[in-house]
Amino acid sequence: MQQNGRMISIFFSIFIISSLFFLPAAASETGTDEQETVLKASWGSSGGDWGFPSPLTFYPRGPGYIMTSYCFDALVWPNETGDMIGLLASSWKSSEDGLEWTFQLREGVTWHDGEPFSANDVAFTYDYIKGKASISPIGSGWYNTEIIESVEALDDHTVRIKLNRPYAPFMQQVAAVVPIMPEHIWKNVSDPSKYMEKDASIGTGPFILEDYDKDQQSYKYSANENYFLGKPVIDTLIYVKTSDPVISLKTGEIDQSSLTLDQVKALNDSDNLKVINGPGYWVYRLRFNIPSNNILNNTDVRKAIYYSLDCEDIESRVLHGGGVAGNPGYVPPYSSWYNPDVAQYTYDIETANKMLDDAGYQNKDMDGIRLDAAGKKLEFQLLYTSDQQSQRLAELIQSYLKGVGIGVVLKPGDMKTVDGLVGAGNFDLAIYSHGTSTDPARMLNSFSTSTGWNSTEFTALAEEQMGTMDENQRKALVAQMQVLIADNVPTIPIMYRNVYSACNQEKLDGFFYTPGGVGGGVPTEYNKLVFIYGTSGGNSENLGNSTGNTADSMGIFGNIAILVCAFALKTRKQQ
Amino acid sequence: MHEKKLLQRLQDPKGLIGLLILFFFIMMAFLAPMLTPYSPSDASSQPLLVPDGEHPLGTDDVGRDIFTNLLYGSRTSLIVAFSVSFGVLVIGTLAGVFSGYVGGNPDRIMMRSVDIFLMVPDLPLILILAAYLRPSIWNIVFILTIMGWPVGARITRAQTRTLRVSGHVDFARVSGAKDWYVIRKHIVPDLYPIMITSFVMQSIRAILSESGLAFLGLGDPSYPSWGTMIKYAIGYPLVFFTDAWMWWLLPAGICITLLVLGFVFVGQALEGDK
């Protein structure tokens, strides 16, 4: 009998402990709002931490700006067709010479904390970010303020921006980029680059930042019920880090992620995901050390290298069709600024060999590597970051160049090492992959720093196109710039990667890639308008509820099962 | 006399299997160019082919023949294994015998420096050095040797100390034999079993470290390596969603395991471990 008593007490303690385990889970599931729609997104395997989402603290890369754009609005914003629609501005006009822009602001807009938004905030923001180069998003050129002469609030809802020179991409590069910050919060901040209090993320945007966790690399936003374009169709937006987005999408751990083509191939119809693709504006290019390397300084050698590479073949091997082969004019073919009439360097070993022979490298050693006049090997070190695509690219370039008698020594490193060595000019060749940006101003004007190639003719054209307000005239100038690039081969654009995105349609449908990108040229599917104008299916709510119920019932069933066992055992003991 | 005992030990089934496996991989390394028409860096085939007559194990994501890379990978593994274990053997034995035989202050200094080397965590240091030096196969050999010799030296030194005061060595010395003669004729031969075991152990360590470094992307990119193959196979998102892992990932893994197993069997047989 004593034994039985002990048995019962043991089972009861198990019952109590197990209840403790099951109950909180059940409680938290039932505690949330039943109508809540949660979208879990992920930046894919490229990492998830893009800095605190305020205009002055995000990491100066595309995703960082996107995370900020959920909380903060600019004056205008590109829509599905790439046209500008008004966010904080309701209408705008420019003077004849393009030097004076007047924005009529939307009325009745409030900040997340309830304070009214006014023209003073716009003037404050433009003044505030001017000249603060030590703050990383400003220093790395996110907000182009040097062309702004003055910003003036004419009344509560009118702002006039004066430029010091005509600037053609003003709308795309400035008005649609600079996030307007609340004056009443930021005017008292002493060190804006470190200001990450809860207040720092207060904007007018469609989402309110609930939580940012640097270590977990996660973001949680909740919908701004009072958003002036309408309440977002999802209630909570969460960004989480995932090591394998494909598996996470398949298991439903996340609902949306950007992917590569190889990853898209791993999805199938039963996953119920909608995949969209778009222009990536992401280039893989071969960079030369033009100023310091005497051999690569020779344009003919660079052209010979271009002739010896079969970019289409390289694209099909590295990206498996998820990209476009490079264009000698650097501008990707899907861009509206693309000029097809430039010098072409189609794969041609004979031309490459002949050019290298003519350049004075006709002698070869026993391994078939060319020698210069002094008998030194024509051999280059190729720097690259050790991610899979760059490494594959490096190996292919090595074998292609070997075909024309140029030796290549591979040198992998992490991104910081590569950047450091290239910055110090301590390299021969390097593989770079980065966004090209979409507007010619950002795509081409920085060419002398990003390639080391200096041409006064090119720089003059670059300056001129920026100040040309007439679209067709500007196009002609940009076309001329591409001809110059193709003639001089300052860098070899080997291929452009496309971008793909998959999303659970039941959660949110309507993702699109904005032509020309958002935020001045970030090619991403995360245009915040999709959260306003997209459609969210109704199934998700039921889904959330039913999992809550199962967790609940599992708890009860578990407890009942334990009790039944206890009684069964007890009766057996008594017999 | 000593060698004969070792050979006898190798004759038990375990040792024979081990030797057979090693022989298989050595033949594979030597005959690689005859067994396949492709070169390991030749990426001219269609990428991602499934196995067929032309490509017994298909092709990888850039169009290289996987079978060819597997064959040439054995060269890399064996070169690293033998170079490292040979280096460790020479340096370790010299240092150990010197230290143990001379004794006194040189011994103390030597052993303290060995202690320092032993204290330094192996793998992190290898990772850091491999990242900073140029990723060439000889750098990897160098690093693994530098990190491996203290173990060899320690064991050899202990054995030398015991031998030095044993009867036959004392007798030789008293009879007027010079130090060098004693070391050569009486000490080193008695160290053979230890040396061979440490050779085998170092080979295993070298193979695993080389594959590991290659897997982390710190290997020599111009040498085909099983570790690199595994890295690329896993890096390809579709590898587990199709059957590709069977001919891309698995063979490389099996090869590493088998080669290590071969060395383990030989080592166990030599130690007289039944």
# chains A, B, ... in the order shown; residues from 1 in each chain; ligands from 1
call {"tool": "closest_atom_pairs", "arguments": {"of": "chain B", "to": "chain A", "cutoff": "6 Å", "atoms": "only C-alpha atoms", "output": "CSV"}}
result
residue,atom,partner,partner_atom,distance
B:Val62,CA,A:Arg317,CA,4.6
B:Pro237,CA,A:Gln263,CA,5.4
B:Leu238,CA,A:Ala266,CA,5.5
call {"tool": "write_last_selection", "arguments": {"atoms": "N, CA and C atoms", "output": "CSV table (one decimal), in the first residue's frame"}}
result
chain,number,residue,atom,x,y,z
B,62,VAL,N,30.5,23.4,-62.1
B,62,VAL,CA,31.1,24.2,-63.2
B,62,VAL,C,31.5,23.3,-64.4
B,237,PRO,N,23.0,24.4,-53.6
B,237,PRO,CA,21.7,24.3,-52.8
B,237,PRO,C,20.9,23.1,-53.2
B,238,LEU,N,21.1,22.5,-54.4
B,238,LEU,CA,20.2,21.4,-54.8
B,238,LEU,C,20.7,20.1,-54.4
call {"tool": "closest_residue", "arguments": {"among": "B:Ser41, B:Thr36, B:Thr257, B:Asn69", "to": "Glu54 in chain B", "atoms": "only C-alpha atoms"}}
result
B:Thr36
call {"tool": "residues_around", "arguments": {"residues": "Leu371 in chain A", "least_positions_apart": "3", "cutoff": "10 Å", "atoms": "only C-alpha atoms", "output": "list of chain:residue names"}}
result
A:Gly360, A:Tyr361, A:Gln362, A:Asn363, A:Lys364, A:Asp365, A:Gly368, A:Ala374, A:Gly375, A:Lys376, A:Lys377, A:Leu378, A:Glu379, A:Gly405, A:Ile406
call {"tool": "residues_around", "arguments": {"residues": "Gln172 in chain A", "least_positions_apart": "3", "cutoff": "6 Å", "atoms": "only C-alpha atoms", "output": "list of chain:residue names"}}
result
A:Pro169, A:Ala176, A:Gly520
call {"tool": "write_last_selection", "arguments": {"atoms": "C-alpha atoms", "output": "PDB file, in the first residue's frame"}}
result
ATOM      1  CA  PRO A 169      18.512  62.444 -60.985  1.00  0.00           C
ATOM      2  CA  ALA A 176      13.116  59.390 -53.032  1.00  0.00           C
ATOM      3  CA  GLY A 520      18.174  55.310 -55.225  1.00  0.00           C
TER       4      GLY A 520
END
